[in-house]
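Source file: model.tsv; contents: TSV, C-alpha atoms.
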```tsv
chain	number	residue	atom	x	y	z
A	1	MET	CA	-1.28	-57.48	-3.32
A	2	MET	CA	-0.64	-54.01	-4.85
A	3	LYS	CA	2.65	-53.74	-6.65
A	4	LYS	CA	5.14	-51.31	-5.16
A	5	GLY	CA	5.73	-49.56	-8.52
A	6	PHE	CA	2.01	-48.97	-9.04
A	7	PHE	CA	1.74	-47.21	-5.67
A	8	PHE	CA	4.71	-44.89	-6.12
A	9	HIS	CA	4.03	-44.03	-9.75
A	10	ILE	CA	0.23	-43.73	-9.72
A	11	ILE	CA	-1.32	-43.58	-6.24
A	12	PHE	CA	1.37	-41.57	-4.42
A	13	PRO	CA	1.39	-38.61	-6.87
A	14	ILE	CA	-2.41	-38.35	-6.63
A	15	LEU	CA	-2.29	-38.32	-2.82
A	16	LEU	CA	0.48	-35.71	-2.93
A	17	VAL	CA	-1.59	-33.37	-5.09
A	18	LEU	CA	-4.63	-33.78	-2.83
A	19	ILE	CA	-2.56	-32.91	0.23
A	20	ILE	CA	-0.50	-30.03	-1.17
A	21	ASN	CA	-3.03	-28.29	-3.42
A	22	PRO	CA	-5.13	-26.80	-0.59
A	23	LEU	CA	-1.99	-25.27	0.89
A	24	PHE	CA	-1.42	-23.18	-2.23
A	25	ALA	CA	-4.99	-22.63	-3.39
A	26	ARG	CA	-5.63	-19.75	-1.02
A	27	GLY	CA	-2.82	-17.63	-2.46
A	28	LYS	CA	-2.29	-14.39	-0.58
A	29	GLU	CA	-4.62	-15.42	2.24
A	30	ASP	CA	-1.83	-17.66	3.52
A	31	ILE	CA	0.50	-14.72	4.12
A	32	ASP	CA	0.71	-13.66	7.76
A	33	VAL	CA	0.12	-9.94	8.17
A	34	PRO	CA	1.37	-8.30	11.38
A	35	ALA	CA	-1.62	-7.27	13.47
A	36	GLU	CA	-0.51	-3.65	13.60
A	37	ASP	CA	-0.46	-3.43	9.79
A	38	VAL	CA	-3.94	-4.81	9.22
A	39	GLU	CA	-6.25	-2.25	7.67
A	40	TYR	CA	-9.42	-2.16	9.73
A	41	ALA	CA	-12.66	-1.39	7.88
A	42	LEU	CA	-16.16	-1.04	9.29
A	43	SER	CA	-19.00	-3.21	8.06
A	44	ALA	CA	-22.26	-1.55	6.97
A	45	LYS	CA	-23.75	-2.53	10.35
A	46	ASP	CA	-20.78	-1.02	12.21
A	47	VAL	CA	-21.17	2.22	10.25
A	48	GLU	CA	-24.85	2.52	11.17
A	49	GLU	CA	-24.12	1.79	14.83
A	50	THR	CA	-21.30	4.35	14.83
A	51	LYS	CA	-23.60	7.02	13.39
A	52	ALA	CA	-26.03	6.37	16.24
A	53	LEU	CA	-23.36	7.16	18.85
A	54	GLU	CA	-22.73	10.68	20.08
A	55	PRO	CA	-18.96	11.33	20.20
A	56	LYS	CA	-17.60	13.22	23.19
A	57	TYR	CA	-14.81	14.72	21.15
A	58	LYS	CA	-14.99	17.54	18.63
A	59	LEU	CA	-12.93	17.87	15.45
A	60	LYS	CA	-11.65	21.17	14.14
A	61	LYS	CA	-13.88	22.59	11.43
A	62	PRO	CA	-12.14	23.50	8.16
A	63	SER	CA	-12.12	27.09	7.01
A	64	GLY	CA	-11.07	29.06	3.97
A	65	ARG	CA	-11.54	28.13	0.35
A	66	PRO	CA	-11.52	24.69	-1.29
A	67	LEU	CA	-8.17	23.33	-2.43
A	68	PRO	CA	-7.78	23.96	-6.19
A	69	LEU	CA	-5.95	21.22	-8.11
A	70	ARG	CA	-5.03	20.73	-11.74
A	71	GLU	CA	-4.83	16.98	-11.16
A	72	ASN	CA	-6.26	14.96	-8.31
A	73	TRP	CA	-5.32	11.26	-8.14
A	74	GLY	CA	-7.09	8.78	-5.88
A	75	TYR	CA	-6.63	5.06	-5.19
A	76	VAL	CA	-9.47	2.55	-5.26
A	77	MET	CA	-8.96	-0.94	-3.83
A	78	ALA	CA	-10.11	-3.96	-5.84
A	79	GLY	CA	-12.92	-5.57	-3.88
A	80	ARG	CA	-13.93	-2.25	-2.35
A	81	GLU	CA	-15.28	-0.56	-5.45
A	82	ASP	CA	-18.40	0.45	-3.50
A	83	GLU	CA	-16.27	2.96	-1.57
A	84	TYR	CA	-15.73	4.92	-4.79
A	85	SER	CA	-18.12	7.22	-6.60
A	86	SER	CA	-17.60	8.99	-9.90
A	87	GLU	CA	-18.94	12.08	-8.10
A	88	ILE	CA	-15.63	12.37	-6.22
A	89	PRO	CA	-13.61	15.14	-7.92
A	90	LEU	CA	-10.75	13.07	-9.34
A	91	THR	CA	-8.94	13.52	-12.64
A	92	ASP	CA	-7.24	10.14	-12.25
A	93	VAL	CA	-8.32	6.90	-10.57
A	94	CYS	CA	-5.63	4.37	-9.63
A	95	TYR	CA	-7.11	0.87	-9.52
A	96	PHE	CA	-5.14	-1.09	-6.91
A	97	GLY	CA	-4.11	-3.52	-8.04
A	98	ALA	CA	-2.56	-6.27	-10.08
A	99	GLU	CA	0.08	-8.36	-8.29
A	100	ILE	CA	3.11	-10.45	-9.13
A	101	GLY	CA	2.28	-14.09	-8.41
A	102	THR	CA	4.42	-16.82	-6.87
A	103	TYR	CA	6.06	-17.70	-10.19
A	104	GLY	CA	6.64	-14.17	-11.45
A	105	SER	CA	3.53	-13.75	-13.60
A	106	LEU	CA	0.92	-11.00	-13.40
A	107	VAL	CA	-2.12	-12.08	-11.36
A	108	ASN	CA	-5.29	-10.61	-9.86
A	109	VAL	CA	-5.70	-7.97	-12.53
A	110	PRO	CA	-8.82	-5.93	-11.64
A	111	ALA	CA	-11.54	-5.88	-14.29
A	112	ARG	CA	-11.68	-2.36	-15.66
A	113	SER	CA	-15.44	-2.72	-16.21
A	114	LYS	CA	-16.04	-2.76	-12.43
A	115	LEU	CA	-15.21	0.94	-12.13
A	116	LYS	CA	-17.36	3.62	-13.74
A	117	THR	CA	-14.99	6.57	-13.66
A	118	GLY	CA	-16.84	8.96	-15.96
A	119	HIS	CA	-14.42	11.48	-17.43
A	120	SER	CA	-11.59	10.48	-15.07
A	121	ARG	CA	-8.63	8.53	-16.40
A	122	CYS	CA	-8.14	5.07	-14.92
A	123	HIS	CA	-4.69	3.58	-14.25
A	124	LEU	CA	-3.84	-0.05	-13.52
A	125	VAL	CA	-1.56	-0.23	-10.46
A	126	VAL	CA	0.96	-3.09	-10.47
A	127	VAL	CA	2.49	-4.07	-7.12
A	128	CYS	CA	5.07	-6.54	-5.87
A	129	ASP	CA	5.13	-7.05	-2.11
A	130	SER	CA	8.08	-9.44	-1.86
A	131	ARG	CA	11.72	-8.39	-1.86
A	132	SER	CA	13.02	-11.69	-3.22
A	133	LEU	CA	10.30	-11.92	-5.88
A	134	THR	CA	11.07	-8.35	-6.95
A	135	HIS	CA	14.68	-9.42	-7.50
A	136	PHE	CA	13.71	-12.38	-9.66
A	137	ILE	CA	11.34	-10.45	-11.92
A	138	LEU	CA	13.83	-7.62	-12.45
A	139	GLU	CA	16.90	-9.77	-13.14
A	140	PRO	CA	17.05	-10.49	-16.90
A	141	ASP	CA	18.93	-13.77	-16.40
A	142	TYR	CA	15.87	-15.47	-14.88
A	143	ASN	CA	13.76	-15.12	-18.04
A	144	LEU	CA	10.73	-13.82	-16.13
A	145	ARG	CA	11.16	-10.17	-16.92
A	146	ASN	CA	10.28	-10.08	-20.62
A	147	GLN	CA	7.11	-12.13	-20.17
A	148	LEU	CA	6.03	-9.96	-17.25
A	149	LEU	CA	6.50	-6.82	-19.34
A	150	LYS	CA	4.31	-8.34	-22.06
A	151	ASP	CA	1.69	-9.34	-19.48
A	152	ILE	CA	1.53	-5.80	-18.10
A	153	VAL	CA	1.15	-4.28	-21.55
A	154	LYS	CA	-1.64	-6.75	-22.36
A	155	ALA	CA	-3.45	-6.11	-19.06
A	156	ALA	CA	-3.22	-2.36	-19.66
A	157	ALA	CA	-5.29	-2.54	-22.86
A	158	PRO	CA	-8.60	-1.33	-21.32
A	159	TYR	CA	-6.87	1.21	-19.07
A	160	ASP	CA	-5.64	4.75	-19.72
A	161	GLY	CA	-2.34	4.04	-18.06
A	162	VAL	CA	-0.15	1.88	-15.82
A	163	GLN	CA	1.42	2.69	-12.47
A	164	ILE	CA	4.33	0.72	-11.00
A	165	ASP	CA	4.40	0.48	-7.19
A	166	PHE	CA	7.41	-1.70	-6.32
A	167	GLU	CA	8.31	-0.74	-2.76
A	168	LEU	CA	10.76	-3.56	-1.94
A	169	VAL	CA	13.43	-3.26	-4.62
A	170	PRO	CA	16.78	-4.60	-3.33
A	171	VAL	CA	19.77	-2.26	-3.62
A	172	ARG	CA	21.55	-4.72	-5.93
A	173	ASP	CA	18.67	-4.40	-8.40
A	174	ARG	CA	18.79	-0.63	-8.69
A	175	LYS	CA	19.99	-0.67	-12.31
A	176	ASN	CA	17.61	-3.48	-13.28
A	177	PHE	CA	14.69	-1.52	-11.82
A	178	ILE	CA	15.51	1.59	-13.82
A	179	THR	CA	15.91	-0.35	-17.07
A	180	PHE	CA	12.66	-2.22	-16.32
A	181	LEU	CA	10.86	1.13	-16.13
A	182	GLY	CA	12.50	2.23	-19.37
A	183	ASP	CA	11.49	-0.97	-21.15
A	184	LEU	CA	7.90	-0.72	-19.93
A	185	ARG	CA	7.66	2.92	-20.99
A	186	TYR	CA	8.77	1.94	-24.52
A	187	MET	CA	6.45	-1.08	-24.74
A	188	LEU	CA	3.38	0.82	-23.54
A	189	GLY	CA	3.73	3.31	-26.35
A	190	LYS	CA	2.78	6.98	-26.44
A	191	ASN	CA	-0.96	6.44	-25.98
A	192	LYS	CA	-0.71	5.05	-22.45
A	193	TRP	CA	0.08	7.07	-19.35
A	194	PHE	CA	2.95	5.71	-17.28
A	195	SER	CA	3.52	6.63	-13.62
A	196	VAL	CA	5.79	5.35	-10.85
A	197	CYS	CA	5.41	5.49	-7.05
A	198	VAL	CA	8.45	6.50	-4.99
A	199	PRO	CA	8.94	6.70	-1.21
A	200	ALA	CA	9.47	9.99	0.63
A	201	ARG	CA	13.01	11.40	0.44
A	202	PHE	CA	14.83	14.49	1.72
A	203	ARG	CA	17.90	13.85	-0.42
A	204	LEU	CA	19.45	11.33	-2.80
A	205	LEU	CA	20.65	8.37	-0.74
A	206	SER	CA	23.83	6.42	-1.35
A	207	GLU	CA	22.97	3.75	-3.96
A	208	ASP	CA	19.40	5.06	-3.94
A	209	VAL	CA	17.00	2.54	-5.48
A	210	TYR	CA	14.49	5.33	-6.15
A	211	PRO	CA	16.47	8.22	-7.69
A	212	TYR	CA	13.72	10.76	-8.39
A	213	GLU	CA	15.46	12.52	-11.25
A	214	GLU	CA	16.39	9.33	-13.08
A	215	ILE	CA	12.97	7.74	-12.68
A	216	ALA	CA	11.23	10.90	-13.89
A	217	ARG	CA	12.91	10.53	-17.30
A	218	TYR	CA	10.91	7.41	-18.06
A	219	CYS	CA	7.40	8.32	-16.94
A	220	ASP	CA	4.62	10.86	-17.29
A	221	ARG	CA	4.07	11.23	-13.56
A	222	VAL	CA	6.04	10.48	-10.38
A	223	PHE	CA	3.83	9.84	-7.36
A	224	VAL	CA	5.72	10.78	-4.18
A	225	MET	CA	4.29	8.79	-1.27
A	226	ALA	CA	4.76	11.49	1.35
A	227	TYR	CA	3.40	9.52	4.28
A	228	ASP	CA	4.41	6.98	6.92
A	229	GLU	CA	6.67	9.49	8.65
A	230	HIS	CA	5.70	7.34	11.63
A	231	TRP	CA	4.83	3.69	11.05
A	232	SER	CA	3.73	0.62	13.00
A	233	GLY	CA	7.22	-0.05	14.34
A	234	SER	CA	8.11	3.54	15.20
A	235	LYS	CA	7.20	5.68	18.19
A	236	PRO	CA	3.72	7.26	18.00
A	237	GLY	CA	3.45	10.27	15.73
A	238	ALA	CA	1.74	11.86	12.75
A	239	ILE	CA	1.36	9.81	9.58
A	240	ALA	CA	2.68	12.92	7.83
A	241	ASN	CA	3.46	16.14	9.66
A	242	VAL	CA	3.07	19.38	7.66
A	243	GLU	CA	6.71	20.45	8.11
A	244	TRP	CA	7.95	16.95	7.26
A	245	CYS	CA	5.81	16.99	4.09
A	246	LYS	CA	7.26	20.36	3.08
A	247	LYS	CA	10.81	18.98	3.37
A	248	VAL	CA	9.86	16.03	1.14
A	249	ALA	CA	8.22	18.38	-1.37
A	250	GLU	CA	11.26	20.69	-1.45
A	251	TYR	CA	13.48	17.82	-2.56
A	252	ALA	CA	10.88	16.52	-5.01
A	253	LYS	CA	10.56	19.94	-6.66
A	254	LYS	CA	14.33	20.06	-7.21
A	255	THR	CA	14.51	16.65	-8.87
A	256	ILE	CA	11.16	16.07	-10.63
A	257	PRO	CA	9.82	18.35	-13.40
A	258	GLU	CA	6.78	20.32	-12.26
A	259	ARG	CA	4.51	18.80	-14.91
A	260	LYS	CA	5.34	15.28	-13.69
A	261	LEU	CA	5.21	15.75	-9.91
A	262	ILE	CA	2.31	14.40	-7.84
A	263	MET	CA	2.52	14.77	-4.05
A	264	GLY	CA	0.69	12.02	-2.19
A	265	LEU	CA	-1.39	12.72	0.92
A	266	PRO	CA	-2.59	10.15	3.51
A	267	LEU	CA	-6.23	9.78	4.49
A	268	TYR	CA	-5.66	7.04	7.08
A	269	GLY	CA	-4.71	6.88	10.74
A	270	ARG	CA	-2.75	4.54	12.99
A	271	THR	CA	-2.68	3.52	16.65
A	272	TRP	CA	0.13	2.45	18.95
A	273	ALA	CA	-0.19	0.56	22.25
A	274	SER	CA	2.00	1.06	25.32
A	275	GLU	CA	2.24	-2.70	25.82
A	276	THR	CA	2.27	-5.59	23.37
A	277	THR	CA	0.40	-8.48	24.96
A	278	ALA	CA	0.50	-10.99	22.09
A	279	GLY	CA	3.61	-13.02	21.41
A	280	ALA	CA	5.54	-16.27	21.69
A	281	TRP	CA	7.35	-16.79	24.98
A	282	TYR	CA	10.23	-18.67	26.57
A	283	PHE	CA	9.22	-20.70	29.62
A	284	SER	CA	10.98	-18.10	31.78
A	285	GLY	CA	9.21	-15.26	29.97
A	286	ALA	CA	5.76	-16.78	30.44
A	287	ASN	CA	6.46	-17.21	34.15
A	288	ARG	CA	7.72	-13.64	34.39
A	289	ILE	CA	4.61	-12.04	32.88
A	290	MET	CA	2.35	-14.25	35.00
A	291	THR	CA	4.22	-13.11	38.12
A	292	GLU	CA	4.22	-9.44	37.06
A	293	HIS	CA	0.46	-9.48	36.46
A	294	GLY	CA	-0.42	-11.40	39.61
A	295	VAL	CA	-1.71	-14.59	38.01
A	296	GLU	CA	-2.98	-16.76	40.87
A	297	GLU	CA	-4.12	-19.87	39.04
A	298	VAL	CA	-2.91	-21.99	36.15
A	299	GLU	CA	-5.47	-24.38	34.67
A	300	TYR	CA	-4.77	-27.45	32.58
A	301	GLU	CA	-6.74	-28.15	29.40
A	302	ASP	CA	-5.93	-31.63	28.08
A	303	GLU	CA	-2.70	-31.50	30.08
A	304	ILE	CA	-1.70	-28.12	28.60
A	305	PRO	CA	-1.30	-25.22	31.11
A	306	THR	CA	-3.25	-22.02	30.39
A	307	PHE	CA	-3.67	-18.72	32.21
A	308	LYS	CA	-5.48	-15.40	31.93
A	309	TYR	CA	-4.85	-11.88	33.20
A	310	THR	CA	-6.19	-8.41	32.50
A	311	ALA	CA	-3.76	-5.70	31.42
A	312	GLN	CA	-4.26	-1.96	31.18
A	313	VAL	CA	-2.92	-0.71	27.86
A	314	GLU	CA	-2.64	2.93	26.85
A	315	VAL	CA	-3.40	3.48	23.15
A	316	THR	CA	-2.19	6.53	21.22
A	317	GLY	CA	-3.66	7.31	17.83
A	318	TYR	CA	-2.90	9.75	15.02
A	319	PHE	CA	-5.25	10.18	12.09
A	320	ASN	CA	-6.21	12.65	9.39
A	321	ASP	CA	-9.37	14.72	9.21
A	322	ILE	CA	-10.43	17.37	6.69
A	323	SER	CA	-8.43	20.09	8.44
A	324	SER	CA	-5.16	18.14	8.54
A	325	VAL	CA	-5.47	17.03	4.91
A	326	LEU	CA	-6.21	20.61	3.82
A	327	ALA	CA	-3.26	21.89	5.87
A	328	ILE	CA	-0.87	19.61	3.98
A	329	GLY	CA	-2.53	20.33	0.63
A	330	ARG	CA	-2.39	24.09	1.16
A	331	ALA	CA	1.28	23.86	2.16
A	332	TYR	CA	1.95	22.14	-1.17
A	333	GLN	CA	-0.17	24.73	-2.96
A	334	GLU	CA	1.92	27.55	-1.49
A	335	MET	CA	4.99	25.80	-2.90
A	336	GLY	CA	3.45	25.91	-6.38
A	337	ILE	CA	2.42	22.23	-6.49
A	338	GLN	CA	-0.89	21.76	-8.30
A	339	LYS	CA	-1.04	17.97	-8.68
A	340	MET	CA	-1.82	15.80	-5.65
A	341	GLY	CA	-3.06	12.30	-4.89
A	342	PHE	CA	-4.76	10.53	-1.99
A	343	TRP	CA	-4.22	7.11	-0.39
A	344	ARG	CA	-6.92	6.00	-0.39
A	345	ILE	CA	-10.59	6.40	-1.33
A	346	GLY	CA	-12.86	5.08	1.42
A	347	MET	CA	-10.62	6.09	4.31
A	348	GLU	CA	-11.62	9.75	4.28
A	349	ASP	CA	-14.41	11.81	5.80
A	350	PRO	CA	-16.73	12.08	2.75
A	351	GLU	CA	-17.06	15.82	3.42
A	352	LEU	CA	-13.44	16.18	2.29
A	353	TRP	CA	-14.50	16.25	-1.35
A	354	ASN	CA	-16.49	19.44	-0.75
A	355	TRP	CA	-13.13	21.07	-0.03
A	356	VAL	CA	-11.35	19.91	-3.19
A	357	LYS	CA	-12.02	21.30	-6.66
A	358	ILE	CA	-10.48	20.64	-10.06
A	359	ASN	CA	-9.19	23.53	-12.15
A	360	ARG	CA	-8.89	21.91	-15.55
```
Structure re-expressed in structure tokens:
Amino acid sequence: MMKKGFFFHIIFPILLVLIINPLFARGKEDIDVPAEDVEYALSAKDVEETKALEPKYKLKKPSGRPLPLRENWGYVMAGREDEYSSEIPLTDVCYFGAEIGTYGSLVNVPARSKLKTGHSRCHLVVVCDSRSLTHFILEPDYNLRNQLLKDIVKAAAPYDGVQIDFELVPVRDRKNFITFLGDLRYMLGKNKWFSVCVPARFRLLSEDVYPYEEIARYCDRVFVMAYDEHWSGSKPGAIANVEWCKKVAEYAKKTIPERKLIMGLPLYGRTWASETTAGAWYFSGANRIMTEHGVEEVEYEDEIPTFKYTAQVEVTGYFNDISSVLAIGRAYQEMGIQKMGFWRIGMEDPELWNWVKINR
């Protein structure tokens, strides 16, 4: 008969590891992403089939001269390097990106060797997509911050620069975020470019976590993400309307030195549906929607009731083509802004790059 101590001290820990390990091994794949925020990409087969179709719609053809830029920044996603070409007129490539792992360390650092950027500079983008994790890595008392700073500096060795894209900084960590940027700037040294992403603003907010003027003191470039005027949870509308972009740029020009300012432009689109059909329901709610949609039969599969109905859903979409991107870019140009960036490479009509030129 097996001794009780042997089981709990030897066998039980082994079983525990075998059960728990698969739950954590998949990393970010385990995170649920809302359906409306999933980025949909076409496979090679889908692209070929799409080319074979004749669209009934017509897009506005661009006119005028190409957009002249002193700096043109573009983002490339790790795992989608094939969407990038060194022929694209970019001065700076942002490789997206390294992440902050479960325990506050730097993980998933893209291999610089996977991107052949030619004469373009290449920047390592570091992201943190958790509000609580952002707090723990910024708070000095948790002893994660200093090691993370060292990890970033080490990972930056083969790159021309580092970009910080922390979009979920809690208000309480405002000061810690600013000092984190200052510490990283110092540790990177003068030979590395340092840039920071900030959300769109019309003015300085109360207890603003992203004070443009203050952040600009610590970096070479400030990338203003002037998009998501309308988002998945808002009413349908443009990702970035020209007039809205001009308001964002007006504030940015007042608070960020001209040499440091980069205005971001969106290349993506978004759709909204008039009715959300997926969800979890109360018993009363399930009965209500079945009644509203005229469900006549409920079947039982292994004693579990199931039903089906067909719903008519109206979908509204807003996206960006060459004309809309040029309209925003030319509005910035008229305001004297000569440095712009695009989120992201692969989402655009490839013809766009015939309408952008670099004035070095």
*If you count all atoms listed in the file, which residues fall within 12 Å of Val109 of chain A, apart from same-chain ones fewer than 5 positions away, as a list of chain:residue names?*
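Everything that qualifies: A:Met77, A:Ala78, A:Gly79, A:Tyr95, A:Phe96, A:Gly97, A:Ala98, A:Glu99, A:Ile100, A:Gly101, A:Lys114, A:His123, A:Leu124, A:Val125, A:Val126, A:Val127, A:Asp151, A:Ile152, A:Val153, A:Lys154, A:Ala155, A:Ala156, A:Ala157, A:Pro158, A:Tyr159, A:Val162.
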*asked:* My list of candidates is A:Gly182, A:Gly74, A:Pro211, A:Gly285. Which is closest to Pro266 of chain A when distances are computed with all atoms listed in the file?
replied: A:Gly74
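For Gly317 of chain A, the residues within 7 Å (counting all atoms listed in the file, excluding itself and residues fewer than 6 positions away along the chain) are A:Arg270, A:Thr271, A:Trp272.
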*asked:* I want to know what sits within 12 Å of segment 129-137 of chain A, based on only C-alpha atoms, with residues of the same chain fewer than 4 positions away left out; could you give that as an MDAnalysis selection string?
replied: chainID A and resid 28 31 33 97:106 141:149 164:177 180
*asked:* Report as a VMD selection string all protein, DNA and RNA residues lying within 12 Å of Asp228 of chain A, evaluated on all atoms listed in the file, omitting residues in the same chain fewer than 2 positions from it.
replied: chain A and resid 37 199 to 201 224 to 226 230 to 241 244 to 245 264 to 270 318 to 319 343
